[in-house]
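Worksheet: one structure, shown below.
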Amino acid sequence: MALRNALQGWSSVPGHTFLQQNMNTVTSLRTGAIRTMATQYGSKKNLIGLSLQDLQQELATVKNIKKYTALQIWQHMYQKGCTSFDEMSTLSKDLRSHLKEYYMIHYGDVQLDRTAKDTTRKFLIGFNTRQDPGAIVETVMIPESRRVTLCVSSQIGCSLKCSFCHTGTQKLLRNLTAAEVVGQFMIAASRAGDFPLRDDRKRIVSNAVFMGQGEPGYNWRNVSKAIKILTDPQGLDWSKHKITISTSGVAPVIPKIASELGVSLAISLHATNNQLRNELVPLNKTYPLDTVLAACREYAANMGKKGRRITFEYVMLRGVNDSAGEARELVRLLKQLPAHVNLIPFNPWPGSGYQSSTAEQVQRFANIVMEGGIHCTVRRPRGQDILAACGQLKSSLIQSNRLGSNA
């Protein structure tokens with residue numbers, strides 16, 4: 001079901017059969033995962049991941065409950081950061097006892113929390129790891145001069161197998177639930193000291209990008225629900241323009257990022273022709289460049305005047321996609337879009353077979369793009385001393401666990 005909602009109305013789009021096949025696989029995995037989570041935590045239901053409307057419906061059957069109580073609980077969770085019902089002093093003692101018996105507030109289990117020399121902070125967060133030790137995702141806090149950006153995962157593993165991406169070597173286990181997506185933010189915000197939220201204090205975790213493990217477009221239902229929870233004005237009230245969904249090009253979902261959520265968009269582009277992009281991003285065989293760019297134009301139209309630039313991510317691979325000719329072709333492709341190009345020096349990992357472009361070549365490429373009238377920045381590598389490249393820290397932990405079990 002996670003993908004079926006995203007597919008409604010898109011059966012005529014090329015590649016819908018591929019999406020349906022992925023949907024069937026992930027739905028099966030996800031159903032089993034939710035069943036085992038219920039076993040781990042007994043019969044208690046997690047309130048994280050429910051929308052305010054869901055919470056109101058859930059509590060409607062509780063005896064003598066007031067209409068406003070669901071909102072009180074919601075604000076305790078998302079404005080004060082409460083994880084225990086005992087902390088909710090505005091609720092009666094009897095109600096708190098009832099809630100403790102049947103419900104819980106659970107973000108996930110932090111398996112590892114590391115801070116790099118450049119203050120990049122990386123979490124490994126486990127979900128139901130007693131039943132499945134591999135159910136771990138990476139979440140990264142990236143501090144910058146004027147903001148702290150949280151890099152969020154949407155799946156456990158990934159099915160896309162992009163040739164330069166380390167996460168692509170880890171098979172897709174399942175989609176994350178809305179609770180597990182929201183939980184990543186709540187862990188980061190709690191550990192950063194953001195709660196309780198206050199109007200007179202700037203939040204530390206200010207931005208979020210869905211650029212962690214997984215393809216958000218293949219987990220649309222849960223990702224979109226999580227974003228609606230994060231942006232709810234009666235809860236966290238996170239600004240929509242500070243949330244970015246990055247996709248490798250699941251074209252049917254791209255316009256909906258604007259029409260249903262109104263958040264920012266990033267495209268993992270990485271090549272300027274279909275032949276090379278088929279190799280680097282195999283999803284291109286399903287949604288080729290023309291289809292993805294057409295979806296981007298529809299996204300821009302849906303956003304209207306409130307829209308921001310679409311970020312096009314471009315990993316710089318030495319001798320592969322970093323020539324002056326490819327820079328000029330990139331300008332040609334993006335000229336009619338509100339585009340911002342983000343050049344990413346490749347972060348090597350064992351067995352990748354690629355090298356990063358030299359700093360001089362990256363700058364030459366950037367200059368050509370900017371001279372073509374397109375805004376362009378170069379992403380600075382962060383957290384290299386804690387294996388902050390996507391997928392690396394999880395792989396390191398898995399390898400260590402295997403070595404330990406074989407000792």
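Labels for the structure tokens follow display order: chains A, B, ..., residues from 1 in each chain, ligands from 1.
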Applying 7 Å and only C-alpha atoms, which residues near stretch 225-236 of chain A remain after dropping the ones on its own chain fewer than 2 positions away? List them as a ChimeraX atom specification. /A:49,51,74-75,78-79,178,181-182,221-223,238-240
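Closest approach to A:Leu197 from the set A:Pro216, A:Gly168, A:Gly126, A:Gly81 is made by A:Gly81, with distances taken over only C-alpha atoms.
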So that I can check the surroundings of A:Arg147, please list as JSON, numbers by chain every protein, DNA and RNA residue that reaches within 8 Å of it, counting only C-alpha atoms and ignoring chain neighbours fewer than 2 positions away. {"A": [143, 144, 145, 149, 204, 205, 206, 207]}
I'd like the contact shell of stretch 294-298 of chain A - 10 Å cut-off, only C-alpha atoms, skipping same-chain residues fewer than 5 positions apart - returned as a PyMOL selection string. chain A and resi 249-256+258-259+265-267+289+303-304+310+336-339
As an MDAnalysis selection string, which residues of stretch 199-316 of chain A does DSSP assign to strand (DSSP E)? chainID A and resid 207:210 243:247 264:268 310:316
For those residues, write C-alpha atoms to a file as an mmCIF file, in the first residue's frame.
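Saved file again05.cif follows:
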data_model
loop_
_atom_site.group_PDB
_atom_site.id
_atom_site.type_symbol
_atom_site.label_atom_id
_atom_site.label_comp_id
_atom_site.auth_asym_id
_atom_site.auth_seq_id
_atom_site.Cartn_x
_atom_site.Cartn_y
_atom_site.Cartn_z
ATOM 1 C CA ASN A 207 16.157 22.298 8.102
ATOM 2 C CA ALA A 208 15.550 18.753 6.889
ATOM 3 C CA VAL A 209 16.520 16.968 3.690
ATOM 4 C CA PHE A 210 15.351 13.503 2.661
ATOM 5 C CA ILE A 243 12.095 20.695 4.117
ATOM 6 C CA THR A 244 13.501 19.160 0.917
ATOM 7 C CA ILE A 245 12.623 15.827 -0.661
ATOM 8 C CA SER A 246 15.420 14.412 -2.806
ATOM 9 C CA THR A 247 14.490 11.843 -5.427
ATOM 10 C CA SER A 264 11.259 21.914 -1.695
ATOM 11 C CA LEU A 265 12.560 19.483 -4.331
ATOM 12 C CA ALA A 266 15.982 18.089 -5.152
ATOM 13 C CA ILE A 267 16.787 15.782 -8.073
ATOM 14 C CA SER A 268 19.729 13.361 -8.024
ATOM 15 C CA ILE A 310 14.844 23.067 -7.708
ATOM 16 C CA THR A 311 18.179 21.671 -6.563
ATOM 17 C CA PHE A 312 19.920 19.369 -9.026
ATOM 18 C CA GLU A 313 22.540 17.222 -7.307
ATOM 19 C CA TYR A 314 25.521 16.272 -9.414
ATOM 20 C CA VAL A 315 28.250 14.008 -8.029
ATOM 21 C CA MET A 316 31.627 14.814 -9.547
#
Using only C-alpha atoms, which protein or nucleic acid residues come within 12 Å of A:Ala327? Drop anything in the same chain fewer than 6 positions from it, and give the result as a VMD selection string. chain A and resid 270 to 273 314 316 321 333 to 334 341 343 361 to 372 374 376
Using only C-alpha atoms, can you tell me which of A:Ala135, A:Tyr102, A:Thr129, A:Gln72 comes closest to A:Thr90? A:Gln72
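When only C-alpha atoms are used to compute distances to A:Leu150, the closest of the residues A:Glu360, A:Asp86, A:Glu215, A:Glu138 turns out to be A:Glu138.
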Using DSSP assignments from the backbone, pull out every residue in stretch 149-349 of chain A that falls under helix (DSSP H, G or I) and give it to me as a ChimeraX atom specification. /A:166-169,178-192,216-230,240-242,251-261,274-280,282-285,289-306,324-334
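Taking atom CA of A:Arg379 and atom CA of A:Lys242 as endpoints, the distance between them is 17.7 Å.
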Taken to one decimal, the atom CA of A:Lys44-atom CA of A:Leu124 distance is 24.1 Å
